[in-house]
Amino acid sequence: MSSSVRGIGGEALLIAGKDLRLEARSRVAANHVLPFVLAVVLLFGFALDPDSGILRRATPGLFWVTVLFAAVLLVQRNFAIERQNGVSDALRLSGLRPAGIFLGKVLSLVVQLLVVELLMAGCAVVFYDVRLRGPLLLLATTATATLAIASAGAVYGPLASGLQVRDTALPLLLVPVLAPVLLCATRAFQIALGEIAGGGWPWAGMLGIVAALYLTLGVVVWGPLMEET
Amino acid sequence: MEPVVHFRSAVALLGRFPALTGVNLDVGAGEIVLVTGPNGAGKTTLLRCCAGLLRVTAGTARVLGVDLVADRVAVRPMVGLLGHDSGLYDELSVIDNLRFWARAVGAPTDDIDAVMDRVGVASRLADVAVSRLSTGQRRRAGLAALVIRRPSLWLLDEPHAGLDQRARDELDALARSAARQGATVLFSSHELDRAEALATRSVHLVGGAVVCAESHAEQVS
């Protein structure tokens, strides 16, 4: 079989490339998710007075809450495309390994989330007067938290897409399990931006552990998930 | 020589509903077998079981030498299924879809143009999104994705539905050509005149079981 020659990495790249090409063609994330992020940033700007410094202090939490909501939309979209026209059957018939498909989904979600986070960071600097300090910790936190969110989304996405109430089920499933990610990422950002004192690297390390856990879980359970949903 | 499809007292459930209630069926290499029956007889379920998409819960079921009861996943790369849906991504262009599915199954991508030509997908449609195609063109594009796989067993669920006369003729010619090259074709249809002209043999399902199996020569006589 050629798929065994290609390896799981090649299969993941194939799936991620397809998802990103789909997104480039349909522009659902660009036309829906990015404006949503922009609207949230502006609403918080109006709701919390920027002059009082509250907004700047709240930026780490606002950043990750917004990313979390954007992630729910992106995961929903990412798995809705696999329900159309019987492509889920075609994927099962293709011989692609479930682990390869899962890792491809994670990769495409990571790329899309990074675009969202880049926009958020730009908005925070421009509208919230945030100065980016501790770049290494910021980058490490962003990388590990994004991987954790994408992995958890790729585990719960197919689970929710098999349910009758899939549109409302995903946020209910995903938001609680990502609460630890939200907490760790917010703490690490607060420390990196100098809002609170302490060591930020343990928080980034915990995010890495959560990401590794969900990546492992996804690789193990995606086969049964594809069959049963 | 072992039949390509060998079912004995095969049972399959859709939820708790017994969709196949004890199917006995043998299909040899190079045969084109028509599966007929009223709505709900189990035609689609039979095809999906052969593809390894549905579990056979009791009895014996072997397809292309693979025991479906023990390991139905192993048969999937060897079969091609054209169901009621095209199996293509709406937002991707026809050519992007075909390239993706060719790479997914490890098939060469350099003969995609030739395959599109064979199934009657006009080259001007290559860069058109699948969502913008007519029903008939979508079926043809789905058929192209199946042909690219070069499956040993073709499973076609109502393949003539939504196609015009010319496309039906081309589909029949493709199926005959595949059978001549050693592939086996199992298909369902409600359009009996056309389907019986294509088939070398037909089986009739009622209530999830085969009640009648006869060759084309027997039907004519």
# chains A, B, ... in the order shown; residues from 1 in each chain; ligands from 1
$ select_by_dssp --residues "segment 30-187 of chain B" --states "strand (DSSP E)" --output "ChimeraX atom specification"
/B:32-36,56-63,66-67,79-82,153-157,184-187
$ select_by_dssp --residues "segment 28-168 of chain B" --states "helix (DSSP H, G or I)" --output "PyMOL selection string"
chain B and resi 43-50+68-78+94-104+112-119+123-125+130-132+135-149+165-168
$ interface_residues --of "chain A" --to "chain B" --cutoff "12 Å" --atoms "only C-alpha atoms" --output "VMD selection string"
chain A and resid 1 to 8 10 to 28 80 to 98 100 to 101 223 to 224 226 to 228
$ write_last_selection --atoms "N, CA and C atoms" --output "compact mmCIF listing (two decimals), in the first residue's frame"
# COMPACT_ATOMS: atom_id res chain seq x y z
N MET A 1 0.85 -1.20 0.00
CA MET A 1 0.00 0.00 0.00
C MET A 1 0.88 1.24 0.00
N SER A 2 0.52 2.17 -0.83
CA SER A 2 1.32 3.38 -0.91
C SER A 2 1.22 4.20 0.36
N SER A 3 0.06 4.11 1.06
CA SER A 3 -0.11 4.94 2.26
C SER A 3 0.90 4.58 3.33
N SER A 4 1.29 3.28 3.40
CA SER A 4 2.27 2.89 4.40
C SER A 4 3.65 3.42 4.03
N VAL A 5 3.91 3.53 2.71
CA VAL A 5 5.18 4.09 2.26
C VAL A 5 5.23 5.57 2.60
N ARG A 6 4.09 6.26 2.36
CA ARG A 6 4.03 7.70 2.54
C ARG A 6 4.19 8.08 4.01
N GLY A 7 3.67 7.28 4.90
CA GLY A 7 3.80 7.56 6.31
C GLY A 7 2.70 8.48 6.82
N ILE A 8 2.55 8.46 8.15
CA ILE A 8 1.48 9.24 8.77
C ILE A 8 1.70 10.74 8.56
N GLY A 10 3.05 12.24 5.97
CA GLY A 10 2.61 12.59 4.62
C GLY A 10 1.10 12.67 4.53
N GLU A 11 0.42 11.73 5.21
CA GLU A 11 -1.04 11.74 5.20
C GLU A 11 -1.57 12.99 5.91
N ALA A 12 -0.90 13.36 7.01
CA ALA A 12 -1.32 14.56 7.75
C ALA A 12 -1.16 15.81 6.89
N LEU A 13 -0.04 15.88 6.15
CA LEU A 13 0.18 17.03 5.27
C LEU A 13 -0.87 17.08 4.16
N LEU A 14 -1.25 15.90 3.65
CA LEU A 14 -2.26 15.83 2.59
C LEU A 14 -3.60 16.38 3.09
N ILE A 15 -4.00 15.94 4.29
CA ILE A 15 -5.28 16.39 4.86
C ILE A 15 -5.23 17.88 5.19
N ALA A 16 -4.13 18.32 5.80
CA ALA A 16 -4.01 19.74 6.15
C ALA A 16 -4.03 20.61 4.90
N GLY A 17 -3.31 20.17 3.88
CA GLY A 17 -3.29 20.93 2.62
C GLY A 17 -4.67 21.04 2.02
N LYS A 18 -5.41 19.94 2.06
CA LYS A 18 -6.78 19.95 1.53
C LYS A 18 -7.66 20.90 2.33
N ASP A 19 -7.57 20.84 3.66
CA ASP A 19 -8.40 21.72 4.51
C ASP A 19 -8.08 23.19 4.27
N LEU A 20 -6.79 23.49 4.14
CA LEU A 20 -6.40 24.89 3.96
C LEU A 20 -6.79 25.38 2.56
N ARG A 21 -6.71 24.48 1.57
CA ARG A 21 -7.16 24.86 0.22
C ARG A 21 -8.67 25.11 0.22
N LEU A 22 -9.39 24.26 0.95
CA LEU A 22 -10.84 24.45 1.09
C LEU A 22 -11.15 25.80 1.71
N GLU A 23 -10.37 26.14 2.74
CA GLU A 23 -10.60 27.40 3.43
C GLU A 23 -10.25 28.58 2.52
N ALA A 24 -9.17 28.43 1.76
CA ALA A 24 -8.77 29.51 0.85
C ALA A 24 -9.84 29.72 -0.21
N ARG A 25 -10.50 28.64 -0.64
CA ARG A 25 -11.53 28.75 -1.67
C ARG A 25 -12.84 29.30 -1.10
N SER A 26 -13.23 28.78 0.08
CA SER A 26 -14.55 29.15 0.62
C SER A 26 -14.50 30.45 1.42
N ARG A 27 -13.35 30.75 2.02
CA ARG A 27 -13.13 31.96 2.81
C ARG A 27 -14.13 32.10 3.97
N VAL A 28 -14.57 30.97 4.51
CA VAL A 28 -15.50 31.02 5.64
C VAL A 28 -14.81 31.62 6.86
N ALA A 80 -17.67 20.18 9.71
CA ALA A 80 -18.89 20.25 8.88
C ALA A 80 -18.56 19.86 7.44
N ILE A 81 -17.35 20.23 6.97
CA ILE A 81 -17.00 19.92 5.58
C ILE A 81 -16.86 18.43 5.36
N GLU A 82 -16.61 17.68 6.42
CA GLU A 82 -16.46 16.22 6.28
C GLU A 82 -17.81 15.51 6.31
N ARG A 83 -18.89 16.26 6.58
CA ARG A 83 -20.22 15.64 6.59
C ARG A 83 -20.90 15.77 5.24
N GLN A 84 -20.37 16.66 4.35
CA GLN A 84 -21.08 16.93 3.10
C GLN A 84 -20.82 15.83 2.07
N ASN A 85 -21.81 15.53 1.26
CA ASN A 85 -21.68 14.68 0.07
C ASN A 85 -21.06 13.31 0.33
N GLY A 86 -21.18 12.80 1.51
CA GLY A 86 -20.65 11.47 1.79
C GLY A 86 -19.13 11.38 1.77
N VAL A 87 -18.43 12.51 2.00
CA VAL A 87 -16.97 12.44 1.96
C VAL A 87 -16.40 11.67 3.16
N SER A 88 -17.19 11.56 4.24
CA SER A 88 -16.68 10.78 5.37
C SER A 88 -16.53 9.31 4.96
N ASP A 89 -17.47 8.80 4.15
CA ASP A 89 -17.35 7.43 3.64
C ASP A 89 -16.14 7.32 2.73
N ALA A 90 -15.96 8.34 1.87
CA ALA A 90 -14.83 8.31 0.94
C ALA A 90 -13.50 8.33 1.70
N LEU A 91 -13.46 9.08 2.80
CA LEU A 91 -12.24 9.11 3.61
C LEU A 91 -11.97 7.74 4.23
N ARG A 92 -13.04 7.09 4.72
CA ARG A 92 -12.86 5.75 5.32
C ARG A 92 -12.41 4.74 4.27
N LEU A 93 -12.89 4.92 3.03
CA LEU A 93 -12.52 3.98 1.96
C LEU A 93 -11.12 4.24 1.41
N SER A 94 -10.58 5.43 1.70
CA SER A 94 -9.32 5.82 1.06
C SER A 94 -8.13 5.01 1.56
N GLY A 95 -8.25 4.45 2.75
CA GLY A 95 -7.10 3.74 3.32
C GLY A 95 -6.17 4.65 4.10
N LEU A 96 -6.50 5.96 4.16
CA LEU A 96 -5.70 6.86 5.00
C LEU A 96 -5.86 6.43 6.45
N ARG A 97 -4.77 6.46 7.19
CA ARG A 97 -4.86 6.04 8.59
C ARG A 97 -5.52 7.12 9.45
N PRO A 98 -6.38 6.70 10.38
CA PRO A 98 -7.06 7.68 11.23
C PRO A 98 -6.09 8.64 11.92
N GLY A 100 -3.28 9.73 10.80
CA GLY A 100 -2.84 10.71 9.81
C GLY A 100 -3.90 11.77 9.58
N ILE A 101 -5.16 11.34 9.52
CA ILE A 101 -6.26 12.30 9.31
C ILE A 101 -6.36 13.23 10.52
N GLY A 223 -9.60 6.39 15.24
CA GLY A 223 -10.12 5.26 14.45
C GLY A 223 -11.54 4.91 14.85
N PRO A 224 -11.76 4.55 16.14
CA PRO A 224 -13.12 4.27 16.59
C PRO A 224 -14.09 5.44 16.37
N MET A 226 -14.06 7.66 13.95
CA MET A 226 -14.45 7.70 12.53
C MET A 226 -15.48 6.64 12.20
N GLU A 227 -15.39 5.51 12.88
CA GLU A 227 -16.32 4.41 12.59
C GLU A 227 -17.69 4.65 13.21
N GLU A 228 -17.71 5.26 14.37
CA GLU A 228 -18.96 5.32 15.13
C GLU A 228 -19.74 6.60 14.93
$ residues_around --residues "segment 120-123 of chain B" --least-positions-apart "6" --cutoff "8 Å" --atoms "only C-alpha atoms" --output "ChimeraX atom specification"
/B:113,137,140-141,167,170
$ residues_around --residues "His204 of chain B" --least-positions-apart "6" --cutoff "6 Å" --atoms "only C-alpha atoms" --output "MDAnalysis selection string"
chainID B and resid 35:37 210:212
$ write_last_selection --atoms "N, CA, C and O atoms" --output "compact mmCIF listing (two decimals), in the first residue's frame"
# COMPACT_ATOMS: atom_id res chain seq x y z
N VAL B 35 -28.32 -5.79 -8.48
CA VAL B 35 -29.08 -6.07 -7.26
C VAL B 35 -30.39 -5.30 -7.36
O VAL B 35 -30.38 -4.07 -7.45
N THR B 36 -31.49 -6.03 -7.38
CA THR B 36 -32.80 -5.37 -7.45
C THR B 36 -33.57 -5.60 -6.16
O THR B 36 -33.17 -6.43 -5.33
N GLY B 37 -34.67 -4.91 -6.05
CA GLY B 37 -35.53 -5.10 -4.88
C GLY B 37 -36.28 -3.84 -4.56
O GLY B 37 -35.88 -2.75 -4.99
N VAL B 210 -31.65 -12.52 -0.18
CA VAL B 210 -31.74 -12.81 -1.61
C VAL B 210 -32.83 -13.86 -1.82
O VAL B 210 -32.79 -14.94 -1.23
N VAL B 211 -33.83 -13.51 -2.64
CA VAL B 211 -34.91 -14.47 -2.89
C VAL B 211 -34.80 -15.09 -4.28
O VAL B 211 -35.46 -16.06 -4.58
N CYS B 212 -33.99 -14.47 -5.15
CA CYS B 212 -33.89 -14.98 -6.50
C CYS B 212 -32.55 -14.56 -7.09
O CYS B 212 -32.17 -13.41 -6.98
$ residues_around --residues "Thr184 of chain B" --least-positions-apart "5" --cutoff "7 Å" --atoms "only C-alpha atoms" --output "list in words"
Ala29, Gly30, Glu31, Ile32, Ser152, Leu153, Trp154 and Ala179 of chain B
$ residues_around --residues "Thr66 of chain A" --least-positions-apart "5" --cutoff "9 Å" --atoms "only C-alpha atoms" --output "ChimeraX atom specification"
/A:37,40-41,61,71,120
